[in-house]
Structures are given as structure tokens and as C-alpha cells.
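File shown: input.txt (compact mmCIF, N, CA and C atoms).
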# COMPACT_ATOMS: atom_id res chain seq x y z
N MET X 14 98.28 88.12 84.66
CA MET X 14 99.21 87.95 85.75
C MET X 14 98.89 86.62 86.43
N HIS X 15 99.94 85.84 86.67
CA HIS X 15 99.79 84.55 87.33
C HIS X 15 100.86 84.42 88.41
N ALA X 16 100.48 83.81 89.53
CA ALA X 16 101.41 83.65 90.65
C ALA X 16 101.09 82.37 91.40
N LYS X 17 102.00 82.04 92.30
CA LYS X 17 101.79 80.93 93.21
C LYS X 17 102.30 81.36 94.58
N PRO X 18 101.83 80.72 95.64
CA PRO X 18 102.33 81.07 96.97
C PRO X 18 103.86 80.98 97.00
N GLY X 19 104.49 81.98 97.61
CA GLY X 19 105.95 82.05 97.67
C GLY X 19 106.54 83.01 96.66
N ASP X 20 105.75 83.41 95.65
CA ASP X 20 106.20 84.43 94.71
C ASP X 20 106.10 85.80 95.38
N TRP X 21 106.66 86.78 94.73
CA TRP X 21 106.66 88.15 95.24
C TRP X 21 105.88 89.06 94.31
N LEU X 22 105.05 89.91 94.89
CA LEU X 22 104.35 90.93 94.14
C LEU X 22 105.13 92.23 94.30
N VAL X 23 105.50 92.83 93.19
CA VAL X 23 106.27 94.08 93.19
C VAL X 23 105.40 95.15 92.56
N VAL X 24 105.25 96.27 93.27
CA VAL X 24 104.46 97.39 92.77
C VAL X 24 105.40 98.57 92.61
N GLU X 25 105.57 99.00 91.37
CA GLU X 25 106.46 100.13 91.08
C GLU X 25 105.86 101.42 91.62
N GLY X 26 106.74 102.38 91.92
CA GLY X 26 106.28 103.69 92.37
C GLY X 26 105.51 104.41 91.29
N ARG X 27 104.59 105.25 91.71
CA ARG X 27 103.75 105.98 90.74
C ARG X 27 104.49 107.18 90.14
N VAL X 28 105.59 107.58 90.75
CA VAL X 28 106.42 108.66 90.21
C VAL X 28 107.83 108.14 90.04
N VAL X 29 108.59 108.75 89.14
CA VAL X 29 109.96 108.34 88.90
C VAL X 29 110.75 108.48 90.19
N GLY X 30 111.44 107.42 90.56
CA GLY X 30 112.22 107.44 91.79
C GLY X 30 111.40 107.19 93.04
N GLY X 31 110.11 106.95 92.87
CA GLY X 31 109.23 106.71 94.01
C GLY X 31 109.49 105.34 94.62
N PRO X 32 108.91 105.10 95.78
CA PRO X 32 109.16 103.82 96.46
C PRO X 32 108.55 102.64 95.71
N VAL X 33 109.23 101.52 95.82
CA VAL X 33 108.75 100.27 95.25
C VAL X 33 108.29 99.41 96.41
N ARG X 34 107.07 98.87 96.31
CA ARG X 34 106.55 97.99 97.36
C ARG X 34 106.75 96.55 96.95
N ARG X 35 107.09 95.73 97.94
CA ARG X 35 107.23 94.29 97.70
C ARG X 35 106.40 93.56 98.74
N GLY X 36 105.77 92.50 98.31
CA GLY X 36 104.99 91.69 99.23
C GLY X 36 105.07 90.23 98.86
N LEU X 37 105.15 89.39 99.87
CA LEU X 37 105.17 87.95 99.67
C LEU X 37 103.75 87.46 99.44
N ILE X 38 103.55 86.74 98.36
CA ILE X 38 102.23 86.18 98.07
C ILE X 38 102.07 84.92 98.90
N GLU X 39 101.13 84.97 99.83
CA GLU X 39 100.91 83.84 100.73
C GLU X 39 99.80 82.91 100.25
N GLU X 40 98.80 83.47 99.59
CA GLU X 40 97.68 82.66 99.08
C GLU X 40 97.27 83.18 97.72
N VAL X 41 96.89 82.24 96.86
CA VAL X 41 96.33 82.56 95.54
C VAL X 41 94.91 82.01 95.55
N HIS X 42 93.95 82.85 95.23
CA HIS X 42 92.55 82.47 95.38
C HIS X 42 91.88 82.02 94.09
N SER X 43 92.67 81.55 93.13
CA SER X 43 92.09 81.00 91.91
C SER X 43 92.95 79.83 91.45
N ALA X 44 92.34 78.91 90.76
CA ALA X 44 93.04 77.71 90.31
C ALA X 44 94.10 78.01 89.25
N ASP X 45 93.90 79.07 88.46
CA ASP X 45 94.85 79.37 87.38
C ASP X 45 95.94 80.35 87.78
N GLY X 46 96.00 80.76 89.06
CA GLY X 46 97.06 81.66 89.53
C GLY X 46 96.78 83.13 89.32
N SER X 47 95.58 83.47 88.88
CA SER X 47 95.25 84.88 88.68
C SER X 47 94.80 85.50 90.01
N PRO X 48 94.79 86.84 90.10
CA PRO X 48 94.39 87.51 91.35
C PRO X 48 92.95 87.19 91.72
N PRO X 49 92.61 87.40 92.96
CA PRO X 49 93.33 88.14 94.00
C PRO X 49 94.34 87.27 94.73
N TYR X 50 95.30 87.96 95.39
CA TYR X 50 96.34 87.32 96.17
C TYR X 50 96.30 87.85 97.60
N LEU X 51 96.56 86.97 98.56
CA LEU X 51 96.79 87.43 99.93
C LEU X 51 98.27 87.73 100.01
N VAL X 52 98.58 89.02 100.23
CA VAL X 52 99.96 89.50 100.19
C VAL X 52 100.37 90.00 101.57
N HIS X 53 101.56 89.59 101.99
CA HIS X 53 102.17 90.09 103.23
C HIS X 53 103.19 91.15 102.81
N TRP X 54 102.84 92.42 103.04
CA TRP X 54 103.66 93.54 102.58
C TRP X 54 104.87 93.74 103.49
N THR X 55 106.05 93.89 102.88
CA THR X 55 107.28 94.04 103.66
C THR X 55 107.41 95.42 104.29
N ASP X 56 106.82 96.43 103.68
CA ASP X 56 107.00 97.79 104.20
C ASP X 56 106.12 98.09 105.41
N THR X 57 104.98 97.43 105.52
CA THR X 57 104.07 97.71 106.63
C THR X 57 103.86 96.51 107.55
N GLY X 58 104.17 95.31 107.04
CA GLY X 58 103.92 94.11 107.81
C GLY X 58 102.48 93.64 107.77
N HIS X 59 101.63 94.37 107.07
CA HIS X 59 100.22 94.02 106.97
C HIS X 59 99.99 92.96 105.89
N ARG X 60 98.92 92.22 106.08
CA ARG X 60 98.46 91.26 105.07
C ARG X 60 97.18 91.82 104.48
N ALA X 61 97.05 91.71 103.16
CA ALA X 61 95.85 92.24 102.50
C ALA X 61 95.53 91.43 101.26
N LEU X 62 94.24 91.26 101.02
CA LEU X 62 93.79 90.65 99.78
C LEU X 62 93.96 91.72 98.69
N THR X 63 94.74 91.39 97.67
CA THR X 63 95.18 92.39 96.71
C THR X 63 94.81 91.99 95.28
N PHE X 64 94.26 92.96 94.56
CA PHE X 64 94.03 92.86 93.12
C PHE X 64 95.05 93.79 92.47
N PRO X 65 96.20 93.27 91.99
CA PRO X 65 97.26 94.14 91.47
C PRO X 65 96.81 94.95 90.26
N GLY X 66 97.34 96.16 90.17
CA GLY X 66 97.07 97.03 89.05
C GLY X 66 98.13 96.90 87.97
N PRO X 67 98.09 97.78 86.97
CA PRO X 67 99.02 97.69 85.85
C PRO X 67 100.46 98.05 86.21
N ASP X 68 100.67 98.63 87.39
CA ASP X 68 102.03 98.98 87.82
C ASP X 68 102.67 97.87 88.65
N ALA X 69 102.08 96.68 88.65
CA ALA X 69 102.57 95.57 89.46
C ALA X 69 103.00 94.40 88.58
N TYR X 70 103.91 93.60 89.11
CA TYR X 70 104.32 92.38 88.44
C TYR X 70 104.75 91.35 89.47
N VAL X 71 104.80 90.10 89.05
CA VAL X 71 105.14 88.98 89.94
C VAL X 71 106.53 88.48 89.59
N LEU X 72 107.32 88.19 90.64
CA LEU X 72 108.64 87.59 90.49
C LEU X 72 108.71 86.35 91.36
N SER X 73 109.42 85.34 90.88
CA SER X 73 109.71 84.20 91.74
C SER X 73 110.75 84.62 92.76
N ASN X 74 110.95 83.81 93.77
CA ASN X 74 111.96 84.12 94.78
C ASN X 74 113.35 84.26 94.15
N ALA X 75 113.68 83.36 93.21
CA ALA X 75 114.99 83.41 92.54
C ALA X 75 115.13 84.67 91.69
N GLU X 76 114.07 85.06 90.99
CA GLU X 76 114.12 86.28 90.16
C GLU X 76 114.30 87.52 91.02
N LEU X 77 113.61 87.58 92.16
CA LEU X 77 113.75 88.73 93.06
C LEU X 77 115.17 88.79 93.61
N ARG X 78 115.71 87.65 94.02
CA ARG X 78 117.08 87.60 94.56
C ARG X 78 118.08 88.08 93.50
N ALA X 79 117.93 87.63 92.26
CA ALA X 79 118.84 88.04 91.18
C ALA X 79 118.74 89.54 90.94
N GLN X 80 117.51 90.08 90.95
CA GLN X 80 117.31 91.52 90.77
C GLN X 80 117.99 92.32 91.88
N GLU X 81 117.88 91.84 93.12
CA GLU X 81 118.50 92.53 94.25
C GLU X 81 120.01 92.45 94.19
N GLU X 82 120.57 91.32 93.73
CA GLU X 82 122.02 91.19 93.59
C GLU X 82 122.56 92.16 92.55
N ILE X 83 121.85 92.34 91.46
CA ILE X 83 122.27 93.29 90.43
C ILE X 83 122.25 94.71 90.99
N ALA X 84 121.19 95.06 91.71
CA ALA X 84 121.10 96.40 92.30
C ALA X 84 122.22 96.62 93.32
N ALA X 85 122.52 95.62 94.13
CA ALA X 85 123.58 95.75 95.13
C ALA X 85 124.93 95.92 94.47
N ALA X 86 125.17 95.19 93.37
CA ALA X 86 126.44 95.33 92.65
C ALA X 86 126.58 96.72 92.05
N ARG X 87 125.51 97.27 91.50
CA ARG X 87 125.55 98.62 90.95
C ARG X 87 125.83 99.64 92.05
N PHE X 88 125.16 99.49 93.17
CA PHE X 88 125.35 100.42 94.29
C PHE X 88 126.78 100.34 94.79
N SER X 89 127.31 99.13 94.92
CA SER X 89 128.67 98.94 95.40
C SER X 89 129.69 99.58 94.45
N SER X 90 129.48 99.42 93.15
CA SER X 90 130.43 100.00 92.19
C SER X 90 130.36 101.53 92.21
N MET X 91 129.18 102.10 92.51
CA MET X 91 129.06 103.55 92.60
C MET X 91 129.80 104.09 93.82
N GLN X 92 129.85 103.34 94.89
CA GLN X 92 130.53 103.78 96.10
C GLN X 92 132.04 103.77 95.95
N HIS X 93 132.56 102.93 95.06
CA HIS X 93 134.01 102.85 94.86
C HIS X 93 134.55 103.91 93.92
N GLU X 94 133.67 104.63 93.26
CA GLU X 94 134.11 105.67 92.31
C GLU X 94 134.42 106.95 93.02

Show me, as C-alpha cells, the structure contained in the file I just sent.
Amino acid sequence: MHAKPGDWLVVEGRVVGGPVRRGLIEEVHSADGSPPYLVHWTDTGHRALTFPGPDAYVLSNAELRAQEEIAAARFSSMQHE
């Protein structure tokens, strides 16, 4: 896993349909972009030094925005049915 400040850390829920956590990566503590990361979590507002597990992945700001636009379009189409 590699990241840079401004990327997003996404942690999938541990159960199907469980909550997904997102956090803005504010600092990367290695030269090659590997963990740990200082993450500002959107759900709690807390900042924490994080070593992501296997249920986590990194997205750029553009990738996260595209993912959210797809989800919003799906939700919108479901409401019109």
C-alpha cells in the first residue's frame, strides 16, 4: 500500500453492509509512501496514526469523487423506480 498526503484511506466494513470508514491522509511517515499514515477520520473527526489492515485501500481524491458519483447515480436511479 502506498499513499501521499491528500489521498483517502478507505476501510471496508467487517460485515456485509457494514459501515465504511473514510479518512484523509494528512501525513505519510515513510519515503516510499508505505504506512503508517496520520489519518483524519471523517466519521469521528479524530486524527490517528494508522497502520491499515487488509480491509483497507487508498484512493486519490479524484478516484474517491468518481466512486461517490457512481454511488449517487445508482441511488438516484433507484429512487425513480

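Assigned to strand (DSSP E or B) in chain X, given DSSP computed from backbone atoms, are Trp21, Leu22, Val23, Val24, Arg34, Arg35, Gly36, Leu37, Ile38, Glu39, Glu40, Val41, Tyr50, Leu51, Val52, His53, Trp54, Arg60, Ala61, Leu62, Thr63, Ala69, Tyr70, Val71 and Leu72 of chain X.
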
**Prompt:** Which distance in Å separates atom CA of Thr63 of chain X and atom C of Tyr50 of chain X, to one decimal?
**Reply:** 4.8 Å

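Reported to one decimal place, the separation of atom CA of Trp21 of chain X from atom CA of Ala75 of chain X is 10.0 Å.
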
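Each of X:Glu81, X:Glu25, X:Asp20, X:Glu76 was checked against Glu39 of chain X using all atoms listed in the file; the smallest atom-to-atom distance is that of X:Asp20.
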
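Distance annotation: of X:Val28, X:Ala85, X:Gly19, X:Pro48, the residue with the minimal separation from Pro65 of chain X is X:Pro48; atom set is only C-alpha atoms.
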
**Message:** Every residue with an atom at most 5 Å from (103.9, 91.0, 97.4) (file coordinates; all atoms listed in the file) is what I'm after, so could you write them as a ChimeraX atom specification?
**Reply:** /X:21-23,35-38
